[in-house]
Amino acid sequence: MEGFNTLSERKTWEQIIDKSRFIGIAVPLTTAEQIDKAMQNIREEYPNARHYVYAYRLHDGFIEKSSDDGEPQGTGGRPILDILQHRNIWNVLLVVARYFGGVLLGTGGLSRAYGGTARQLINETELKELALYQIYVLSVPYEWFEMLKYQFDQHNWIIEKEDFREVIEMLVHVHGQEAEVFQKWVDDFTRRQVHCEGQGTIWR
């Protein structure tokens with residue numbers, strides 16, 4: 001499955017256009033339940049704005065939505081959503097709050113203002129690229145431990161956890177593109193002396 005970009009922390013950026021103040025706020029989130037709370041926090045932080053135009057994309061379920069919040073249809077939410085789609089950004093709520101300055105911008109001006117604020121905010125933000133990893137649990141006899149650690153490091157297979165018991169339990173994350181070959185590689189390399197079991201997937 002294709003990877004995607006997201007934010008690791010909340011970011012803001014703002015500009016003044018013809019006396020109106022446009023404030024972009026990008027909030028990382030993962031569930032629909034977090035959206036209402038995030039919008040409430042933004043309204044409290046920036047009270048009495050004329051509009052809170054927004055778009056969001058949730059990777060779980062591939063849900064996306066935009067809102068013009070009273071601006072002419074298609075002039076606010078759609079340009080913001082276009083930015084997120086173009087940059088393959090998911091699990092983000094991007095809001096542009098507008099304090100009206102008394103000058104009408106027209107539909108074209110509004111689209112440029114909302115879309116431009118969203119674009120500049122994203123340009124100023126360090127995006128985090130996520131990929132799908134397969135999770136494996138390995139039961140490793142002690143005599144194989146150091147050799148496997150070395151090999152995993154050479155292959156960029158990520159050891160998340162080591163639990164030293166009668167045998168060593170290792171939790172390993174393997175990039176999705178290599179998941180099919182990993183288990184066979186372990187069987188062949190250790191002559192089936194290490195038990196390897198898949199435990200689902202994770203985005204990281």
# chains A, B, ... in the order shown; residues from 1 in each chain; ligands from 1
>>> select_by_dssp(residues="stretch 140-201 of chain A", states="helix (DSSP H, G or I)", output="list in words")
Tyr142, Glu143, Trp144, Phe145, Glu146, Met147, Leu148, Lys149, Tyr150, Gln151, Phe152, Asp153, Gln154, His155, Gly176, Gln177, Glu178, Ala179, Glu180, Val181, Phe182, Gln183, Lys184, Trp185, Val186, Asp187, Asp188, Phe189 and Thr190 of chain A
>>> residues_around(residues="A:Ile89", least_positions_apart="2", cutoff="10 Å", atoms="only C-alpha atoms", output="PDB file with N, CA and C atoms, in the first residue's frame")
ATOM      1  N   GLY A   3       2.530   4.774   0.678  1.00  0.00           N
ATOM      2  CA  GLY A   3       2.723   5.588   1.868  1.00  0.00           C
ATOM      3  C   GLY A   3       2.065   6.944   1.723  1.00  0.00           C
ATOM      4  N   PHE A   4       2.152   7.743   2.782  1.00  0.00           N
ATOM      5  CA  PHE A   4       1.552   9.075   2.746  1.00  0.00           C
ATOM      6  C   PHE A   4       2.304  10.010   3.676  1.00  0.00           C
ATOM      7  N   ASN A   5       2.020  11.294   3.534  1.00  0.00           N
ATOM      8  CA  ASN A   5       2.630  12.322   4.373  1.00  0.00           C
ATOM      9  C   ASN A   5       1.655  12.760   5.457  1.00  0.00           C
ATOM     10  N   THR A   6       2.220  13.176   6.590  1.00  0.00           N
ATOM     11  CA  THR A   6       1.399  13.730   7.661  1.00  0.00           C
ATOM     12  C   THR A   6       2.240  14.721   8.456  1.00  0.00           C
ATOM     13  N   LEU A   7       1.644  15.291   9.496  1.00  0.00           N
ATOM     14  CA  LEU A   7       2.340  16.232  10.376  1.00  0.00           C
ATOM     15  C   LEU A   7       2.655  15.553  11.693  1.00  0.00           C
ATOM     16  N   TYR A  56     -10.241  18.296   5.941  1.00  0.00           N
ATOM     17  CA  TYR A  56      -9.480  17.249   6.640  1.00  0.00           C
ATOM     18  C   TYR A  56      -9.479  15.985   5.806  1.00  0.00           C
ATOM     19  N   ARG A  57      -8.466  15.153   6.086  1.00  0.00           N
ATOM     20  CA  ARG A  57      -8.348  13.837   5.452  1.00  0.00           C
ATOM     21  C   ARG A  57      -7.928  12.834   6.524  1.00  0.00           C
ATOM     22  N   LEU A  58      -8.657  11.721   6.599  1.00  0.00           N
ATOM     23  CA  LEU A  58      -8.347  10.646   7.538  1.00  0.00           C
ATOM     24  C   LEU A  58      -7.993   9.401   6.739  1.00  0.00           C
ATOM     25  N   HIS A  59      -6.800   8.870   6.979  1.00  0.00           N
ATOM     26  CA  HIS A  59      -6.345   7.736   6.175  1.00  0.00           C
ATOM     27  C   HIS A  59      -7.112   6.466   6.488  1.00  0.00           C
ATOM     28  N   LEU A  81      -8.496  21.637   0.582  1.00  0.00           N
ATOM     29  CA  LEU A  81      -8.460  20.196   0.342  1.00  0.00           C
ATOM     30  C   LEU A  81      -7.554  19.856  -0.830  1.00  0.00           C
ATOM     31  N   ILE A  83      -4.822  21.295  -1.686  1.00  0.00           N
ATOM     32  CA  ILE A  83      -3.433  21.313  -1.213  1.00  0.00           C
ATOM     33  C   ILE A  83      -3.086  19.994  -0.534  1.00  0.00           C
ATOM     34  N   LEU A  84      -3.970  19.515   0.339  1.00  0.00           N
ATOM     35  CA  LEU A  84      -3.725  18.252   1.045  1.00  0.00           C
ATOM     36  C   LEU A  84      -3.649  17.087   0.066  1.00  0.00           C
ATOM     37  N   GLN A  85      -4.534  17.085  -0.920  1.00  0.00           N
ATOM     38  CA  GLN A  85      -4.526  15.998  -1.899  1.00  0.00           C
ATOM     39  C   GLN A  85      -3.258  16.034  -2.746  1.00  0.00           C
ATOM     40  N   HIS A  86      -2.881  17.225  -3.189  1.00  0.00           N
ATOM     41  CA  HIS A  86      -1.714  17.369  -4.060  1.00  0.00           C
ATOM     42  C   HIS A  86      -0.437  16.898  -3.379  1.00  0.00           C
ATOM     43  N   ARG A  87      -0.337  17.143  -2.071  1.00  0.00           N
ATOM     44  CA  ARG A  87       0.874  16.764  -1.333  1.00  0.00           C
ATOM     45  C   ARG A  87       0.741  15.378  -0.676  1.00  0.00           C
ATOM     46  N   ASN A  91      -4.464  12.394   7.683  1.00  0.00           N
ATOM     47  CA  ASN A  91      -4.510  12.499   9.145  1.00  0.00           C
ATOM     48  C   ASN A  91      -4.186  13.909   9.608  1.00  0.00           C
ATOM     49  N   VAL A  92      -4.791  14.876   8.930  1.00  0.00           N
ATOM     50  CA  VAL A  92      -4.578  16.293   9.242  1.00  0.00           C
ATOM     51  C   VAL A  92      -5.896  17.043   9.087  1.00  0.00           C
ATOM     52  N   ILE A 122       1.710  24.706   4.700  1.00  0.00           N
ATOM     53  CA  ILE A 122       2.306  23.395   4.428  1.00  0.00           C
ATOM     54  C   ILE A 122       3.761  23.542   3.991  1.00  0.00           C
ATOM     55  N   LEU A 127       7.032  17.876   6.827  1.00  0.00           N
ATOM     56  CA  LEU A 127       6.122  16.752   6.743  1.00  0.00           C
ATOM     57  C   LEU A 127       6.832  15.457   7.134  1.00  0.00           C
ATOM     58  N   LYS A 128       6.067  14.536   7.655  1.00  0.00           N
ATOM     59  CA  LYS A 128       6.585  13.229   8.027  1.00  0.00           C
ATOM     60  C   LYS A 128       5.992  12.193   7.083  1.00  0.00           C
ATOM     61  N   GLU A 129       6.866  11.440   6.420  1.00  0.00           N
ATOM     62  CA  GLU A 129       6.401  10.408   5.488  1.00  0.00           C
ATOM     63  C   GLU A 129       6.212   9.090   6.231  1.00  0.00           C
TER      64      GLU A 129
END
>>> closest_residue(among="A:Val194, A:Ser8, A:Glu33, A:Thr117", to="A:Tyr54", atoms="only C-alpha atoms")
A:Thr117
>>> select_by_dssp(residues="stretch 14-146 of chain A", states="strand (DSSP E or B)", output="PDB file with C-alpha atoms, in the first residue's frame")
ATOM      1  CA  GLU A  14      -0.892  33.710   8.940  1.00  0.00           C
ATOM      2  CA  GLN A  15      -1.038  36.615   6.523  1.00  0.00           C
ATOM      3  CA  ILE A  16      -2.960  39.869   5.956  1.00  0.00           C
ATOM      4  CA  ILE A  17      -4.732  40.333   2.612  1.00  0.00           C
ATOM      5  CA  SER A  20      -8.445  40.605   6.341  1.00  0.00           C
ATOM      6  CA  ARG A  21      -6.390  38.347   8.583  1.00  0.00           C
ATOM      7  CA  PHE A  22      -6.078  34.736   7.414  1.00  0.00           C
ATOM      8  CA  ILE A  23      -4.714  32.292  10.006  1.00  0.00           C
ATOM      9  CA  GLY A  24      -3.844  28.757   8.958  1.00  0.00           C
ATOM     10  CA  ILE A  25      -3.842  26.052  11.637  1.00  0.00           C
ATOM     11  CA  ALA A  26      -2.839  22.462  10.834  1.00  0.00           C
ATOM     12  CA  VAL A  27      -3.612  19.810  13.452  1.00  0.00           C
ATOM     13  CA  PRO A  28      -2.463  16.176  13.239  1.00  0.00           C
ATOM     14  CA  HIS A  51     -15.175  32.189   9.112  1.00  0.00           C
ATOM     15  CA  TYR A  52     -13.448  28.950  10.081  1.00  0.00           C
ATOM     16  CA  VAL A  53     -12.926  27.329   6.694  1.00  0.00           C
ATOM     17  CA  TYR A  54     -11.434  23.839   6.830  1.00  0.00           C
ATOM     18  CA  ALA A  55     -10.594  20.551   5.166  1.00  0.00           C
ATOM     19  CA  TYR A  56      -9.480  17.249   6.640  1.00  0.00           C
ATOM     20  CA  ARG A  57      -8.348  13.837   5.452  1.00  0.00           C
ATOM     21  CA  LEU A  58      -8.347  10.646   7.538  1.00  0.00           C
ATOM     22  CA  ILE A  63     -12.330   9.952   4.573  1.00  0.00           C
ATOM     23  CA  GLU A  64     -12.006  13.545   3.385  1.00  0.00           C
ATOM     24  CA  LYS A  65     -14.230  16.582   3.764  1.00  0.00           C
ATOM     25  CA  SER A  66     -14.128  20.343   3.300  1.00  0.00           C
ATOM     26  CA  SER A  67     -16.287  23.251   4.441  1.00  0.00           C
ATOM     27  CA  ILE A  89      -1.222  14.532   3.185  1.00  0.00           C
ATOM     28  CA  VAL A  92      -4.578  16.293   9.242  1.00  0.00           C
ATOM     29  CA  LEU A  93      -7.222  18.936   9.910  1.00  0.00           C
ATOM     30  CA  LEU A  94      -6.299  22.218   8.201  1.00  0.00           C
ATOM     31  CA  VAL A  95      -8.334  25.268   9.214  1.00  0.00           C
ATOM     32  CA  VAL A  96      -8.034  28.807   7.886  1.00  0.00           C
ATOM     33  CA  ALA A  97      -9.704  31.301  10.219  1.00  0.00           C
ATOM     34  CA  ARG A  98     -10.576  34.692   8.686  1.00  0.00           C
ATOM     35  CA  TYR A  99     -11.004  37.963  10.509  1.00  0.00           C
ATOM     36  CA  LEU A 127       6.122  16.752   6.743  1.00  0.00           C
ATOM     37  CA  LYS A 128       6.585  13.229   8.027  1.00  0.00           C
ATOM     38  CA  GLU A 129       6.401  10.408   5.488  1.00  0.00           C
ATOM     39  CA  LEU A 130       4.713   7.247   6.773  1.00  0.00           C
ATOM     40  CA  LEU A 132       3.210   0.528   6.048  1.00  0.00           C
ATOM     41  CA  TYR A 133       5.290  -1.949   8.052  1.00  0.00           C
ATOM     42  CA  GLN A 134       4.593  -5.589   8.853  1.00  0.00           C
ATOM     43  CA  ILE A 135       5.020  -6.533  12.522  1.00  0.00           C
ATOM     44  CA  TYR A 136       6.781  -9.801  13.355  1.00  0.00           C
ATOM     45  CA  VAL A 137       7.458 -11.537  16.671  1.00  0.00           C
ATOM     46  CA  LEU A 138      10.532 -13.799  16.661  1.00  0.00           C
ATOM     47  CA  SER A 139      11.521 -16.396  19.251  1.00  0.00           C
ATOM     48  CA  VAL A 140      15.314 -16.328  19.029  1.00  0.00           C
TER      49      VAL A 140
END
>>> residues_around(residues="A:Leu171", least_positions_apart="3", cutoff="12 Å", atoms="only C-alpha atoms", output="VMD selection string")
chain A and resid 134 to 140 149 152 157 to 164 168 174 196 to 200
>>> atom_distance(atom1="atom CA of A:Glu146", atom2="atom CA of A:Val186")
13.8 Å
